[in-house]
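For reference, the structure discussed in these notes is given below.
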Amino acid sequence: MKRIILHIDMDYFFAQVEERENPHFKGRPIVIGADPKKGKGRGVVSTANYIAREYGIHSALPISQAFKFCPKAVFLPPDMKLYVRASESIFEIIKKYSSIYEMASLDEAYLDISFLENYRKAEKLARELKNEIFKKEKLTSSIGLGPNKLIAKLAAQKEKPDGLFAVKPDQVIKFLEPLDIQELPGIGPKTAQRLRRLKINKIKDIKRLSRLELKEMLGKWGEDIYNKVRGIDEGIVNNDREVKSIGRGHTFERDTRDPEIIFEIFGRIIEKVHKEILANDFSFRTITVTCRFSDFKTYTKAKTFKKSTNDYRCLKKESKRLLLKFIVENLKLIRLIGLRVSGLNHKK
Ligand code: TTP
Ligand code: MG
Ligand code: MG
């Protein structure tokens, strides 16, 4: 049976929820992210509403830039509790539309709606889903339909915000070919740069590379990209996605080498990570500590145990030891520290 996959992604999610909660902000540019500190702030933008995007503001832009582009915007810190609550209510609605669903992030999900058998019915369902979310949650979303997850996700981006776009099986190649290479999940800025040097800018151009050439360039993901540019994606809609790691990081207000400051913050990071481990009933095998220096060079050090554990003292001791190595081995100032545990198991 031919599959029909639906992808739904909320529009400017964090900012839209804030707009809903604070109707007096409506019509103004809104930026969610780090404190801009009148242009001296050091973090990044989480997201911005579409009015703010007209000023060139987008996710991951340094907040100082965002302030420069639009100082009169409403700048708000993320209120994660609020967004998680909104997300949960939205998923309660989404789940009702198919028993095969997958939460892909706070604001997006896949549904396998192959049971509908044709795109006319699929579009009708998509419209109903959008309407129900809008009626109950007062939030707009965008939906894409396609023969697999890849195409459905790209289709959802096509008519944002408040869009609905279907790509039927016989339209897949024509839809994909003119897209920019960076629209393809799996091609980040670095890979894109390498491809652009070979005058490969559109998805269509990637087809010039053989399976082998792609493997040589991109390692094990080469095969995946080879298939994706041809519209092939066999991935199933599946909700038991494992959490692969748990981590936290901190960017200092000012680059520092002061162990007292560094270890005080690090202590709090360790506590937070450990809390999350316990809350999920996890144990871990690997600890990874990240350190970014003032020149933005970023390094990691890791320790893997023979047996998994969830012991706080062990986490604290080993991660501090790894961090200390960075401080001893380097004379540079530190900009960011991070801690991540992986190799997760459910504690029995
Ligand atoms: P996205 O769905 O990527 O973006 P969006 O919903 O803000 O906007 P769009 O209309 O284009 O879908 O991400 C969902 C939320 O995740 C976003 O509202 C904020 C958060 N986020 C970050 O905190 N940092 C990031 O770099 C990105 C991409 C998202
Ligand atoms: Mg979104
Ligand atoms: Mg999203």
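In the structure tokens, each chain is lettered A, B, ... as it comes, each chain's residues begin at 1, and ligands are numbered from 1 in order of appearance.
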DSSP helix (DSSP H, G or I) residues within region 115-189 of chain A, listed as a PyMOL selection string
chain A and resi 115-116+119-137+149-158+169-176+181-183+189
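If you count only C-alpha atoms and ignore residues fewer than 5 places along the chain from Arg194 (chain A), what sits within 12 Å of it is Ile181, Gln182, Ile187, Gly188, Pro189, Lys199, Ile200, Asn201, Ile206, Leu214, Met217 and Leu218 of chain A.
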(message) Which residues are near ligand 1 in this structure, taking near to mean any atom at most 7 Å from a ligand atom and counting only C-alpha atoms and all ligand atoms? Format them as a list of chain:residue names.
(response) A:Asp9, A:Met10, A:Asp11, A:Tyr12, A:Phe13, A:Phe14, A:Ala15, A:Val45, A:Ser46, A:Thr47, A:Ala48, A:Ser59, A:Ala60, A:Leu106, A:Asp107, A:Glu108, A:Lys160, A:Pro161
Using all heavy atoms, can you write the selected residues to a file as a compact mmCIF listing (two decimals), in the first residue's frame?
```txt
# COMPACT_ATOMS: atom_id res chain seq x y z
N ASP A 9 3.89 21.33 11.76
CA ASP A 9 4.87 22.15 12.50
C ASP A 9 4.19 23.46 12.86
O ASP A 9 3.61 24.14 12.01
CB ASP A 9 6.09 22.40 11.61
CG ASP A 9 7.19 23.13 12.37
OD1 ASP A 9 7.04 24.33 12.66
OD2 ASP A 9 8.23 22.48 12.65
N MET A 10 4.25 23.80 14.13
CA MET A 10 3.62 25.04 14.59
C MET A 10 4.40 26.24 14.04
O MET A 10 5.61 26.20 13.91
CB MET A 10 3.59 25.10 16.12
CG MET A 10 2.87 23.93 16.78
SD MET A 10 1.18 23.68 16.19
CE MET A 10 0.42 25.20 16.77
N ASP A 11 3.67 27.32 13.75
CA ASP A 11 4.32 28.53 13.24
C ASP A 11 4.95 29.32 14.38
O ASP A 11 4.35 29.43 15.46
CB ASP A 11 3.28 29.40 12.52
CG ASP A 11 2.61 28.64 11.37
OD1 ASP A 11 3.31 27.87 10.69
OD2 ASP A 11 1.39 28.80 11.19
N TYR A 12 6.13 29.85 14.14
CA TYR A 12 6.91 30.66 15.11
C TYR A 12 6.52 30.32 16.55
O TYR A 12 6.10 31.17 17.33
CB TYR A 12 6.80 32.16 14.79
CG TYR A 12 5.44 32.83 14.84
CD1 TYR A 12 5.10 33.65 15.92
CD2 TYR A 12 4.50 32.67 13.82
CE1 TYR A 12 3.86 34.29 15.97
CE2 TYR A 12 3.27 33.29 13.86
CZ TYR A 12 2.95 34.09 14.94
OH TYR A 12 1.74 34.71 15.01
N PHE A 13 6.75 29.07 16.92
CA PHE A 13 6.07 28.49 18.08
C PHE A 13 6.22 29.28 19.38
O PHE A 13 5.22 29.74 19.94
CB PHE A 13 6.52 27.04 18.27
CG PHE A 13 5.80 26.33 19.37
CD1 PHE A 13 4.42 26.36 19.44
CD2 PHE A 13 6.50 25.65 20.35
CE1 PHE A 13 3.74 25.71 20.46
CE2 PHE A 13 5.83 25.00 21.37
CZ PHE A 13 4.46 25.02 21.43
N PHE A 14 7.43 29.44 19.90
CA PHE A 14 7.57 30.13 21.20
C PHE A 14 6.96 31.54 21.12
O PHE A 14 6.28 31.99 22.04
CB PHE A 14 9.05 30.27 21.61
CG PHE A 14 9.77 28.99 21.94
CD1 PHE A 14 9.14 27.76 21.81
CD2 PHE A 14 11.09 29.01 22.40
CE1 PHE A 14 9.81 26.58 22.10
CE2 PHE A 14 11.77 27.84 22.70
CZ PHE A 14 11.13 26.62 22.55
N ALA A 15 7.23 32.23 20.01
CA ALA A 15 6.77 33.61 19.89
C ALA A 15 5.25 33.66 19.74
O ALA A 15 4.59 34.57 20.26
CB ALA A 15 7.45 34.28 18.70
N VAL A 45 19.18 34.00 19.55
CA VAL A 45 17.73 34.05 19.37
C VAL A 45 17.18 32.63 19.33
O VAL A 45 17.73 31.78 18.62
CB VAL A 45 17.40 34.77 18.03
CG1 VAL A 45 15.92 34.68 17.72
CG2 VAL A 45 17.88 36.21 18.05
N SER A 46 16.13 32.36 20.10
CA SER A 46 15.43 31.07 20.00
C SER A 46 14.53 31.08 18.77
O SER A 46 14.60 30.21 17.93
CB SER A 46 14.55 30.83 21.21
OG SER A 46 15.27 30.29 22.26
N THR A 47 13.68 32.06 18.73
CA THR A 47 12.84 32.25 17.54
C THR A 47 12.30 33.67 17.55
O THR A 47 12.44 34.40 18.53
CB THR A 47 11.69 31.23 17.46
OG1 THR A 47 11.13 31.28 16.14
CG2 THR A 47 10.58 31.55 18.47
N ALA A 48 11.69 34.05 16.45
CA ALA A 48 11.11 35.38 16.32
C ALA A 48 9.82 35.26 15.54
O ALA A 48 9.68 34.34 14.71
CB ALA A 48 12.08 36.30 15.57
N SER A 59 16.17 32.26 14.19
CA SER A 59 16.71 31.36 15.21
C SER A 59 18.23 31.28 15.07
O SER A 59 18.75 31.27 13.95
CB SER A 59 16.14 29.95 15.04
OG SER A 59 14.77 29.93 15.30
N ALA A 60 18.92 31.23 16.21
CA ALA A 60 20.37 31.03 16.29
C ALA A 60 21.19 32.28 15.93
O ALA A 60 22.41 32.27 16.02
CB ALA A 60 20.83 29.85 15.44
N LEU A 106 9.19 19.74 20.17
CA LEU A 106 8.12 20.41 20.91
C LEU A 106 7.01 20.88 19.99
O LEU A 106 5.85 20.90 20.36
CB LEU A 106 8.68 21.65 21.62
CG LEU A 106 9.05 21.56 23.08
CD1 LEU A 106 9.26 22.96 23.62
CD2 LEU A 106 7.99 20.84 23.90
N ASP A 107 7.36 21.27 18.77
CA ASP A 107 6.32 21.89 17.93
C ASP A 107 6.06 21.14 16.64
O ASP A 107 5.44 21.68 15.74
CB ASP A 107 6.65 23.37 17.66
CG ASP A 107 7.50 23.59 16.44
OD1 ASP A 107 8.39 22.75 16.18
OD2 ASP A 107 7.27 24.59 15.75
N GLU A 108 6.53 19.89 16.54
CA GLU A 108 6.21 19.19 15.29
C GLU A 108 5.96 17.71 15.50
O GLU A 108 6.44 17.12 16.46
CB GLU A 108 7.29 19.40 14.23
CG GLU A 108 8.66 19.00 14.61
CD GLU A 108 9.68 19.64 13.66
OE1 GLU A 108 10.14 20.76 13.95
OE2 GLU A 108 10.00 19.00 12.66
N LYS A 160 4.48 28.17 4.85
CA LYS A 160 4.44 28.77 6.19
C LYS A 160 4.26 30.27 6.09
O LYS A 160 4.83 30.86 5.20
CB LYS A 160 5.77 28.47 6.90
CG LYS A 160 5.62 27.39 7.91
CD LYS A 160 6.88 27.15 8.67
CE LYS A 160 6.67 26.08 9.70
NZ LYS A 160 5.69 26.36 10.73
N PRO A 161 3.59 30.94 7.04
CA PRO A 161 2.78 30.35 8.12
C PRO A 161 1.37 30.00 7.66
O PRO A 161 0.93 30.45 6.63
CB PRO A 161 2.74 31.49 9.14
CG PRO A 161 2.81 32.74 8.31
CD PRO A 161 3.64 32.40 7.11
```
Query raised in the report: Near Asn330 (chain A), within 12 Å and counting only C-alpha atoms, which residues show up once chain neighbours fewer than 5 positions away are dropped, as a PyMOL selection string?
Result: chain A and resi 257+291-294+297+299+323-325
Restrict the selected residues to C-alpha atoms and save them as a short mmCIF file (atom, residue, chain, number, x, y, z; two decimals), in the first residue's frame.
```cif
data_model
loop_
_atom_site.label_atom_id
_atom_site.label_comp_id
_atom_site.auth_asym_id
_atom_site.auth_seq_id
_atom_site.Cartn_x
_atom_site.Cartn_y
_atom_site.Cartn_z
CA ARG A 257 39.44 31.37 33.82
CA CYS A 291 34.60 23.55 26.64
CA ARG A 292 34.52 26.49 24.24
CA PHE A 293 37.34 28.99 24.51
CA SER A 294 37.30 32.71 23.79
CA LYS A 297 37.43 26.68 19.43
CA TYR A 299 36.66 20.70 22.51
CA LEU A 323 36.64 19.99 33.24
CA LEU A 324 39.70 20.52 35.39
CA LYS A 325 41.85 19.00 32.65
#
```
**Message:** Write out as a ChimeraX atom specification the set of residues from region 67-244 of chain A that DSSP, computed on the backbone, places in strand (DSSP E).
**Reply:** /A:74-76,101-105,108-112,141-146,164-166
